[in-house]
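Before any comments, here is the structure.
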Amino acid sequence: MEWLASSGAPVVPLHSVCATPGSVALTFDDGYRDFFEEALPVLSRYGLPATVFLVAGRCGRSNDWDQAGYRSIPPLELMSWREVRQAARAGVEIGAHTYSHPDLRRLPETAVAWEFARCQEEIADRVGQQPRSLAYPYGHSNPAVRRIACRFFDRACGARLDLVRDGADVFDLPRVDVHYFRDLERFRRLIAGDETYLKVRRALRWVRQWVAG
């Protein structure tokens with residue numbers, strides 16, 4: 001983040017990323033406590049905007065939802081509502097990550113709408129601002145889920161490993177998982193526009209998903 005803040009690359013709120021070529025938007029899923037304890041101080045130090053997506057029905061608890069293929073993720077604490085409010089006062093956008101973190105593709109449409117509405121209501125009641133951005137749990141959506149999302153939000157993020165390009169679907173925004181770019185030199189090259197390693201990681205992910213069926 002120190003390098004990014006000094007790089008000259010525009011780091012913008014999520015709602016501006018499609019309108020700002022070459023920009024970076026920082027997003028964090030689930031609302032883990034380590035966002036509050038570790039990431040927020042760094043973001044504040046360098047004046048970087050960010051969005052954190054909350055599982056509204058789990059704040060103050062842990063990631064004890066059905067992890068559907070992600071069972072290697074250990075139990076982790078989530079931010080309390082007090083910590084969420086502090087993050088919001090520090091300028092972090094509070095986004096929605098549904099109420100209970102289901103795979104939305106497996107729900108009837110009425111249940112999908114309930115997940116969105118209940119999450120929005122809870123965040124609005126607890127934080128005082130209604131979330132306008134959504135991240136789909138596990139990054140999964142389909143056309144029906146995205147149509148419903150349009151009724152509640154202004155934009156939504158998936159987990160497709162790619163950059164946001166001209167004409168991107170604002171209800172299926174791709175993201176780059178920085179887990180793959182923990183090496184600073186790889187991160188620098190990506191920000192400079194070199195997509196070589198990104199393409200390699202995307203191909204490996206596709207093969208892994210194909211093998212898993």
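Each chain in the structure tokens gets a letter, A, B, ..., in the order shown, and its residues are numbered from 1; ligands are numbered from 1 in order too.
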If DSSP is run on the backbone, what residues of stretch 110-149 of chain A are alpha helix (DSSP H)? A reply as an NGL selection string would be ideal. :A and (110-127 or 143-149)
Exercise: stretch 29-46 of chain A partners within 6 Å, only C-alpha atoms, chain neighbours under 5 positions left out, as an mmCIF file with N, CA and C atoms, in the first residue's frame:
data_model
loop_
_atom_site.group_PDB
_atom_site.id
_atom_site.type_symbol
_atom_site.label_atom_id
_atom_site.label_comp_id
_atom_site.auth_asym_id
_atom_site.auth_seq_id
_atom_site.Cartn_x
_atom_site.Cartn_y
_atom_site.Cartn_z
ATOM 1 N N VAL A 52 -15.527 -2.458 2.175
ATOM 2 C CA VAL A 52 -15.565 -3.741 2.873
ATOM 3 C C VAL A 52 -16.988 -4.271 2.799
ATOM 4 N N PHE A 53 -17.135 -5.515 2.367
ATOM 5 C CA PHE A 53 -18.442 -6.135 2.167
ATOM 6 C C PHE A 53 -18.784 -6.996 3.388
ATOM 7 N N LEU A 54 -19.912 -6.685 4.033
ATOM 8 C CA LEU A 54 -20.296 -7.336 5.284
ATOM 9 C C LEU A 54 -21.333 -8.430 5.090
ATOM 10 N N VAL A 55 -21.153 -9.517 5.824
ATOM 11 C CA VAL A 55 -22.205 -10.514 6.006
ATOM 12 C C VAL A 55 -22.995 -10.043 7.226
ATOM 13 N N GLU A 77 -12.657 -14.425 13.306
ATOM 14 C CA GLU A 77 -13.595 -13.473 13.900
ATOM 15 C C GLU A 77 -13.961 -12.392 12.889
ATOM 16 N N LEU A 78 -15.210 -11.952 12.973
ATOM 17 C CA LEU A 78 -15.705 -10.858 12.141
ATOM 18 C C LEU A 78 -15.821 -9.584 12.975
ATOM 19 N N MET A 79 -15.790 -8.444 12.300
ATOM 20 C CA MET A 79 -15.915 -7.172 12.994
ATOM 21 C C MET A 79 -17.241 -7.069 13.744
#
Near-A:Leu48 list (12 Å; only C-alpha atoms; drop same-chain fewer than 2 positions) as an MDAnalysis selection string: chainID A and resid 1:6 9:14 24:27 39:46 50:51 90:93
Using DSSP on the backbone, list every residue of stretch 23-180 of chain A that comes out as strand (DSSP E or B), and give them as a CSV table (one decimal) with N, CA and C atoms, in the first residue's frame.
chain,number,residue,atom,x,y,z
A,24,VAL,N,-7.4,1.9,-9.6
A,24,VAL,CA,-7.4,0.8,-8.7
A,24,VAL,C,-8.5,1.0,-7.6
A,27,THR,N,-11.1,-3.7,-2.4
A,27,THR,CA,-12.2,-4.3,-1.8
A,27,THR,C,-11.8,-5.4,-0.9
A,28,PHE,N,-12.6,-5.6,0.2
A,28,PHE,CA,-12.4,-6.7,1.2
A,28,PHE,C,-13.7,-7.4,1.4
A,29,ASP,N,-13.7,-8.7,1.3
A,29,ASP,CA,-14.9,-9.4,1.6
A,29,ASP,C,-15.1,-9.9,3.0
A,30,ASP,N,-16.3,-10.1,3.5
A,30,ASP,CA,-16.7,-10.8,4.7
A,30,ASP,C,-16.7,-9.9,6.0
A,32,TYR,N,-13.9,-9.3,8.1
A,32,TYR,CA,-13.1,-9.9,9.1
A,32,TYR,C,-12.5,-8.9,10.1
A,51,THR,N,-13.6,-0.5,0.1
A,51,THR,CA,-14.9,-1.0,0.4
A,51,THR,C,-14.8,-2.3,1.1
A,52,VAL,N,-15.5,-2.5,2.2
A,52,VAL,CA,-15.6,-3.7,2.9
A,52,VAL,C,-17.0,-4.3,2.8
A,53,PHE,N,-17.1,-5.5,2.4
A,53,PHE,CA,-18.4,-6.1,2.2
A,53,PHE,C,-18.8,-7.0,3.4
A,54,LEU,N,-19.9,-6.7,4.0
A,54,LEU,CA,-20.3,-7.3,5.3
A,54,LEU,C,-21.3,-8.4,5.1
A,62,SER,N,-18.3,-15.2,13.9
A,62,SER,CA,-17.2,-15.8,13.1
A,62,SER,C,-17.8,-16.2,11.7
A,77,GLU,N,-12.7,-14.4,13.3
A,77,GLU,CA,-13.6,-13.5,13.9
A,77,GLU,C,-14.0,-12.4,12.9
A,78,LEU,N,-15.2,-12.0,13.0
A,78,LEU,CA,-15.7,-10.9,12.1
A,78,LEU,C,-15.8,-9.6,13.0
A,93,GLU,N,-16.2,2.6,2.6
A,93,GLU,CA,-17.5,2.3,2.1
A,93,GLU,C,-18.0,0.9,2.7
A,94,ILE,N,-19.1,0.9,3.3
A,94,ILE,CA,-19.7,-0.4,3.8
A,94,ILE,C,-20.6,-1.0,2.7
A,95,GLY,N,-20.2,-2.1,2.2
A,95,GLY,CA,-21.0,-2.8,1.2
A,95,GLY,C,-21.7,-4.0,1.7
A,96,ALA,N,-22.5,-4.6,0.9
A,96,ALA,CA,-23.3,-5.8,1.3
A,96,ALA,C,-22.7,-7.0,0.7
A,133,SER,N,-23.3,-1.0,-2.9
A,133,SER,CA,-22.4,-2.0,-3.5
A,133,SER,C,-22.6,-3.3,-2.9
A,134,LEU,N,-22.5,-4.4,-3.8
A,134,LEU,CA,-22.7,-5.7,-3.4
A,134,LEU,C,-21.5,-6.6,-3.8
A,135,ALA,N,-21.1,-7.6,-3.1
A,135,ALA,CA,-20.2,-8.7,-3.5
A,135,ALA,C,-21.0,-10.0,-3.3
A,155,ARG,N,-24.1,-1.5,-8.1
A,155,ARG,CA,-23.0,-2.2,-8.7
A,155,ARG,C,-22.8,-3.5,-7.9
A,156,ALA,N,-22.1,-4.5,-8.5
A,156,ALA,CA,-21.9,-5.7,-7.8
A,156,ALA,C,-20.6,-6.4,-8.3
A,157,CYS,N,-19.9,-7.0,-7.4
A,157,CYS,CA,-18.6,-7.6,-7.7
A,157,CYS,C,-18.7,-9.1,-7.6
A,158,GLY,N,-18.1,-9.8,-8.6
A,158,GLY,CA,-18.0,-11.2,-8.6
A,158,GLY,C,-16.5,-11.6,-8.2
A,159,ALA,N,-16.1,-12.7,-8.7
A,159,ALA,CA,-14.7,-13.2,-8.4
A,159,ALA,C,-14.0,-13.6,-9.6
A,160,ARG,N,-14.5,-13.2,-10.8
A,160,ARG,CA,-13.8,-13.6,-12.1
A,160,ARG,C,-12.4,-12.9,-12.0
A,161,LEU,N,-11.4,-13.6,-12.3
A,161,LEU,CA,-10.0,-13.1,-12.2
A,161,LEU,C,-9.7,-12.3,-13.5
A,173,LEU,N,-18.7,-7.2,-11.8
A,173,LEU,CA,-17.4,-6.7,-12.0
A,173,LEU,C,-16.3,-7.7,-11.6
A,174,PRO,N,-15.3,-7.9,-12.4
A,174,PRO,CA,-14.2,-8.8,-12.1
A,174,PRO,C,-13.3,-8.2,-11.0
A,175,ARG,N,-12.5,-9.1,-10.4
A,175,ARG,CA,-11.6,-8.6,-9.4
A,175,ARG,C,-10.3,-9.4,-9.5
Residue neighbourhood A:Gly57, 8 Å, only C-alpha atoms, exclusion window fewer than 3 positions, as a VMD selection string: chain A and resid 99 to 100 119 122
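In this structure, atom CA of A:His101 sits 8.5 Å away from atom CA of A:Glu115.
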Need the shell around A:Asp125: protein/DNA/RNA residues with any atom at most 12 Å away, counting only C-alpha atoms. Skip same-chain ones fewer than 5 positions apart. Format as a PyMOL selection string? chain A and resi 56+81+85+118-120+130-131
Give me the residues within 8 Å of A:Asp154 as a ChimeraX atom specification, counting only C-alpha atoms and dropping any in the same chain fewer than 2 places off. /A:132-133,150,152,156,170-171
What lies within 12 Å of A:Lys199 using only C-alpha atoms, ignoring chain neighbours under 6 positions off, as a ChimeraX atom specification? /A:160-163,176,180,190,205-206
Please, could you write that set of residues out with C-alpha atoms as a PDB file, in the first residue's frame?
ATOM      1  CA  ARG A 160     -13.785 -13.571 -12.051  1.00  0.00           C
ATOM      2  CA  LEU A 161     -10.028 -13.058 -12.216  1.00  0.00           C
ATOM      3  CA  ASP A 162      -9.637 -10.099 -14.569  1.00  0.00           C
ATOM      4  CA  LEU A 163      -9.334  -6.337 -14.821  1.00  0.00           C
ATOM      5  CA  VAL A 176      -7.903  -9.447  -9.036  1.00  0.00           C
ATOM      6  CA  TYR A 180      -1.577 -13.945  -6.290  1.00  0.00           C
ATOM      7  CA  LEU A 190       0.319  -5.542 -12.956  1.00  0.00           C
ATOM      8  CA  ARG A 205      -7.755 -21.363 -12.013  1.00  0.00           C
ATOM      9  CA  TRP A 206      -9.724 -22.496 -15.076  1.00  0.00           C
TER      10      TRP A 206
END
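Coordinates place atom CA of A:Arg82 at a distance of 23.2 Å from atom CA of A:Pro137.
Minimum atom-to-atom distances from A:Ala212, A:Ala124, A:Leu204, A:Val164 to A:Ser16 were compared using only C-alpha atoms, and the lowest value belongs to A:Val164.
Put simply, atom CA of A:Arg106 is 15.1 Å away from atom CA of A:Arg147.
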